[in-house]
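Shown next: model-v5.pdb, containing PDB, N, CA and C atoms.
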ATOM      1  N   MET A 191      24.418 -54.889  11.510
ATOM      2  CA  MET A 191      25.425 -54.062  12.135
ATOM      3  C   MET A 191      25.508 -54.320  13.638
ATOM      4  N   ALA A 192      24.522 -54.948  14.192
ATOM      5  CA  ALA A 192      24.524 -55.208  15.630
ATOM      6  C   ALA A 192      25.639 -56.159  16.042
ATOM      7  N   ALA A 193      26.146 -56.945  15.122
ATOM      8  CA  ALA A 193      27.196 -57.907  15.456
ATOM      9  C   ALA A 193      28.590 -57.294  15.431
ATOM     10  N   LEU A 194      28.749 -56.103  14.885
ATOM     11  CA  LEU A 194      30.085 -55.508  14.765
ATOM     12  C   LEU A 194      30.790 -55.307  16.103
ATOM     13  N   PRO A 195      30.130 -54.856  17.158
ATOM     14  CA  PRO A 195      30.854 -54.728  18.431
ATOM     15  C   PRO A 195      31.415 -56.056  18.932
ATOM     16  N   ALA A 196      30.640 -57.117  18.838
ATOM     17  CA  ALA A 196      31.115 -58.432  19.280
ATOM     18  C   ALA A 196      32.228 -58.938  18.371
ATOM     19  N   LEU A 197      32.069 -58.742  17.083
ATOM     20  CA  LEU A 197      33.099 -59.159  16.134
ATOM     21  C   LEU A 197      34.403 -58.413  16.399
ATOM     22  N   SER A 198      34.301 -57.134  16.656
ATOM     23  CA  SER A 198      35.478 -56.318  16.932
ATOM     24  C   SER A 198      36.245 -56.848  18.139
ATOM     25  N   ILE A 199      35.542 -57.168  19.193
ATOM     26  CA  ILE A 199      36.185 -57.693  20.410
ATOM     27  C   ILE A 199      36.859 -59.026  20.127
ATOM     28  N   ASN A 200      36.173 -59.896  19.398
ATOM     29  CA  ASN A 200      36.747 -61.213  19.101
ATOM     30  C   ASN A 200      37.979 -61.104  18.205
ATOM     31  N   LEU A 201      37.971 -60.206  17.233
ATOM     32  CA  LEU A 201      39.145 -60.016  16.384
ATOM     33  C   LEU A 201      40.330 -59.512  17.197
ATOM     34  N   GLU A 202      40.086 -58.589  18.110
ATOM     35  CA  GLU A 202      41.161 -58.047  18.945
ATOM     36  C   GLU A 202      41.763 -59.102  19.864
ATOM     37  N   ARG A 203      40.982 -60.072  20.257
ATOM     38  CA  ARG A 203      41.454 -61.108  21.191
ATOM     39  C   ARG A 203      42.234 -62.224  20.501
ATOM     40  N   LEU A 204      42.229 -62.252  19.183
ATOM     41  CA  LEU A 204      42.969 -63.293  18.478
ATOM     42  C   LEU A 204      44.471 -63.101  18.703
ATOM     43  N   PRO A 205      45.221 -64.196  18.759
ATOM     44  CA  PRO A 205      46.672 -64.053  18.906
ATOM     45  C   PRO A 205      47.277 -63.425  17.646
ATOM     46  N   ASP A 206      48.414 -62.792  17.800
ATOM     47  CA  ASP A 206      49.060 -62.111  16.676
ATOM     48  C   ASP A 206      49.369 -63.042  15.508
ATOM     49  N   HIS A 207      49.544 -64.327  15.776
ATOM     50  CA  HIS A 207      49.891 -65.260  14.708
ATOM     51  C   HIS A 207      48.655 -65.848  14.006
ATOM     52  N   ALA A 208      47.456 -65.450  14.411
ATOM     53  CA  ALA A 208      46.231 -65.977  13.785
ATOM     54  C   ALA A 208      46.197 -65.587  12.314
ATOM     55  N   ARG A 209      45.728 -66.525  11.480
ATOM     56  CA  ARG A 209      45.629 -66.279  10.046
ATOM     57  C   ARG A 209      44.233 -66.652   9.581
ATOM     58  N   GLY A 210      43.768 -65.973   8.559
ATOM     59  CA  GLY A 210      42.478 -66.342   8.010
ATOM     60  C   GLY A 210      41.770 -65.162   7.378
ATOM     61  N   TYR A 211      40.495 -65.372   7.133
ATOM     62  CA  TYR A 211      39.650 -64.375   6.498
ATOM     63  C   TYR A 211      38.453 -64.097   7.396
ATOM     64  N   CYS A 212      38.003 -62.884   7.362
ATOM     65  CA  CYS A 212      36.794 -62.506   8.078
ATOM     66  C   CYS A 212      35.912 -61.755   7.076
ATOM     67  N   VAL A 213      34.785 -62.335   6.713
ATOM     68  CA  VAL A 213      33.870 -61.712   5.766
ATOM     69  C   VAL A 213      32.777 -61.021   6.569
ATOM     70  N   ILE A 214      32.638 -59.717   6.337
ATOM     71  CA  ILE A 214      31.702 -58.900   7.105
ATOM     72  C   ILE A 214      30.718 -58.255   6.149
ATOM     73  N   GLU A 215      29.444 -58.517   6.353
ATOM     74  CA  GLU A 215      28.396 -57.945   5.505
ATOM     75  C   GLU A 215      27.784 -56.723   6.187
ATOM     76  N   VAL A 216      27.723 -55.623   5.457
ATOM     77  CA  VAL A 216      27.133 -54.388   5.969
ATOM     78  C   VAL A 216      26.127 -53.873   4.953
ATOM     79  N   ALA A 217      25.239 -52.981   5.393
ATOM     80  CA  ALA A 217      24.180 -52.467   4.528
ATOM     81  C   ALA A 217      24.666 -51.385   3.570
ATOM     82  N   CYS A 218      25.710 -50.635   3.967
ATOM     83  CA  CYS A 218      26.226 -49.573   3.095
ATOM     84  C   CYS A 218      27.688 -49.310   3.431
ATOM     85  N   GLU A 219      28.367 -48.624   2.528
ATOM     86  CA  GLU A 219      29.786 -48.309   2.719
ATOM     87  C   GLU A 219      30.037 -47.568   4.030
ATOM     88  N   ALA A 220      29.101 -46.720   4.420
ATOM     89  CA  ALA A 220      29.270 -45.925   5.641
ATOM     90  C   ALA A 220      29.326 -46.795   6.900
ATOM     91  N   ASP A 221      28.846 -48.027   6.818
ATOM     92  CA  ASP A 221      28.871 -48.933   7.965
ATOM     93  C   ASP A 221      30.228 -49.591   8.186
ATOM     94  N   ARG A 222      31.127 -49.468   7.214
ATOM     95  CA  ARG A 222      32.462 -50.046   7.384
ATOM     96  C   ARG A 222      33.190 -49.326   8.511
ATOM     97  N   GLN A 223      33.971 -50.077   9.261
ATOM     98  CA  GLN A 223      34.705 -49.519  10.391
ATOM     99  C   GLN A 223      36.145 -50.008  10.364
ATOM    100  N   GLN A 224      37.003 -49.270  11.028
ATOM    101  CA  GLN A 224      38.368 -49.735  11.241
ATOM    102  C   GLN A 224      38.328 -50.724  12.400
ATOM    103  N   LEU A 225      38.717 -51.959  12.149
ATOM    104  CA  LEU A 225      38.728 -52.975  13.188
ATOM    105  C   LEU A 225      40.157 -53.451  13.403
ATOM    106  N   ARG A 226      40.577 -53.498  14.652
ATOM    107  CA  ARG A 226      41.905 -54.030  14.963
ATOM    108  C   ARG A 226      41.875 -55.536  14.801
ATOM    109  N   HIS A 227      42.884 -56.063  14.131
ATOM    110  CA  HIS A 227      42.958 -57.503  13.880
ATOM    111  C   HIS A 227      44.405 -57.892  13.597
ATOM    112  N   PRO A 228      44.724 -59.176  13.743
ATOM    113  CA  PRO A 228      46.092 -59.613  13.438
ATOM    114  C   PRO A 228      46.439 -59.289  11.983
ATOM    115  N   SER A 229      47.687 -58.959  11.733
ATOM    116  CA  SER A 229      48.086 -58.532  10.398
ATOM    117  C   SER A 229      47.931 -59.621   9.341
ATOM    118  N   SER A 230      47.929 -60.881   9.733
ATOM    119  CA  SER A 230      47.762 -61.954   8.758
ATOM    120  C   SER A 230      46.299 -62.359   8.565
ATOM    121  N   MET A 231      45.384 -61.601   9.142
ATOM    122  CA  MET A 231      43.953 -61.803   8.902
ATOM    123  C   MET A 231      43.516 -60.811   7.825
ATOM    124  N   GLU A 232      42.706 -61.272   6.893
ATOM    125  CA  GLU A 232      42.192 -60.385   5.861
ATOM    126  C   GLU A 232      40.715 -60.125   6.134
ATOM    127  N   LEU A 233      40.352 -58.846   6.224
ATOM    128  CA  LEU A 233      38.952 -58.478   6.390
ATOM    129  C   LEU A 233      38.372 -58.207   5.007
ATOM    130  N   ILE A 234      37.258 -58.844   4.717
ATOM    131  CA  ILE A 234      36.587 -58.678   3.431
ATOM    132  C   ILE A 234      35.215 -58.092   3.722
ATOM    133  N   TRP A 235      34.989 -56.883   3.240
ATOM    134  CA  TRP A 235      33.725 -56.190   3.468
ATOM    135  C   TRP A 235      32.808 -56.404   2.272
ATOM    136  N   VAL A 236      31.580 -56.853   2.541
ATOM    137  CA  VAL A 236      30.578 -57.058   1.501
ATOM    138  C   VAL A 236      29.441 -56.083   1.786
ATOM    139  N   VAL A 237      29.155 -55.231   0.816
ATOM    140  CA  VAL A 237      28.059 -54.270   0.963
ATOM    141  C   VAL A 237      26.813 -54.862   0.321
ATOM    142  N   ASN A 238      25.781 -55.070   1.132
ATOM    143  CA  ASN A 238      24.519 -55.662   0.663
ATOM    144  C   ASN A 238      23.387 -54.780   1.157
ATOM    145  N   PRO A 239      22.900 -53.854   0.305
ATOM    146  CA  PRO A 239      21.860 -52.929   0.743
ATOM    147  C   PRO A 239      20.475 -53.556   0.925
ATOM    148  N   ALA A 240      20.321 -54.823   0.589
ATOM    149  CA  ALA A 240      19.011 -55.470   0.715
ATOM    150  C   ALA A 240      18.681 -55.661   2.121
TER
END

What do you get writing this file as structure tokens?
Amino acid sequence: MAALPALSINLERLPDHARGYCVIEVACEADRQQLRHPSSMELIWVVNPA
């Protein structure tokens, strides 16, 4: 979860036309956050409690 602040900033800095996928691994559902990102980017959340 320590990487989420940096990831959030980098997603916000992407140009509006950026496209792609961002796979984010978190320990539990409660760790998911609303992150601002270009509309053509897909955020994929993976919950891995290990």

Inset, instruction - Using DSSP on the backbone coordinates, identify all residues within chain A classified as strand (DSSP E); present the result as a ChimeraX atom specification. - result: /A:210-216,231-237

Legend entry - Exercise: Ile234 of chain A partners within 7 Å, all atoms listed in the file, chain neighbours under 5 positions left out, as an MDAnalysis selection string: chainID A and resid 211:215

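Straight-line separation from atom N of Glu219 of chain A to atom N of Trp235 of chain A: 10.6 Å.
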
Legend entry - helix (DSSP H, G or I) call set, DSSP backbone run, chain A, as number ranges by chain: A: 194-203, 219-221

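Against this structure, the PyMOL selection byres ((chain A and resi 229) around 7) ends up with A:Asp206, A:His207, A:Ala208, A:His227, A:Pro228, A:Ser230, A:Met231, A:Glu232.
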
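Atom pair atom CA of Ser198 of chain A / atom CA of Gln223 of chain A has a distance of 9.5 Å (rounded to one decimal).
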
Expand the PyMOL selection byres ((chain A and resi 238) around 5) into the individual residues it matches in the shown file, reporting them as a PDB file with N, CA and C atoms, in the coordinates of the input.
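Written file, out.pdb:
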ATOM      1  N   VAL A 216      27.723 -55.623   5.457  1.00  0.00           N
ATOM      2  CA  VAL A 216      27.133 -54.388   5.969  1.00  0.00           C
ATOM      3  C   VAL A 216      26.127 -53.873   4.953  1.00  0.00           C
ATOM      4  N   ALA A 217      25.239 -52.981   5.393  1.00  0.00           N
ATOM      5  CA  ALA A 217      24.180 -52.467   4.528  1.00  0.00           C
ATOM      6  C   ALA A 217      24.666 -51.385   3.570  1.00  0.00           C
ATOM      7  N   VAL A 236      31.580 -56.853   2.541  1.00  0.00           N
ATOM      8  CA  VAL A 236      30.578 -57.058   1.501  1.00  0.00           C
ATOM      9  C   VAL A 236      29.441 -56.083   1.786  1.00  0.00           C
ATOM     10  N   VAL A 237      29.155 -55.231   0.816  1.00  0.00           N
ATOM     11  CA  VAL A 237      28.059 -54.270   0.963  1.00  0.00           C
ATOM     12  C   VAL A 237      26.813 -54.862   0.321  1.00  0.00           C
ATOM     13  N   PRO A 239      22.900 -53.854   0.305  1.00  0.00           N
ATOM     14  CA  PRO A 239      21.860 -52.929   0.743  1.00  0.00           C
ATOM     15  C   PRO A 239      20.475 -53.556   0.925  1.00  0.00           C
ATOM     16  N   ALA A 240      20.321 -54.823   0.589  1.00  0.00           N
ATOM     17  CA  ALA A 240      19.011 -55.470   0.715  1.00  0.00           C
ATOM     18  C   ALA A 240      18.681 -55.661   2.121  1.00  0.00           C
TER      19      ALA A 240
END

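Atom N of Gln224 of chain A sits 19.3 Å away from atom CA of Pro205 of chain A.
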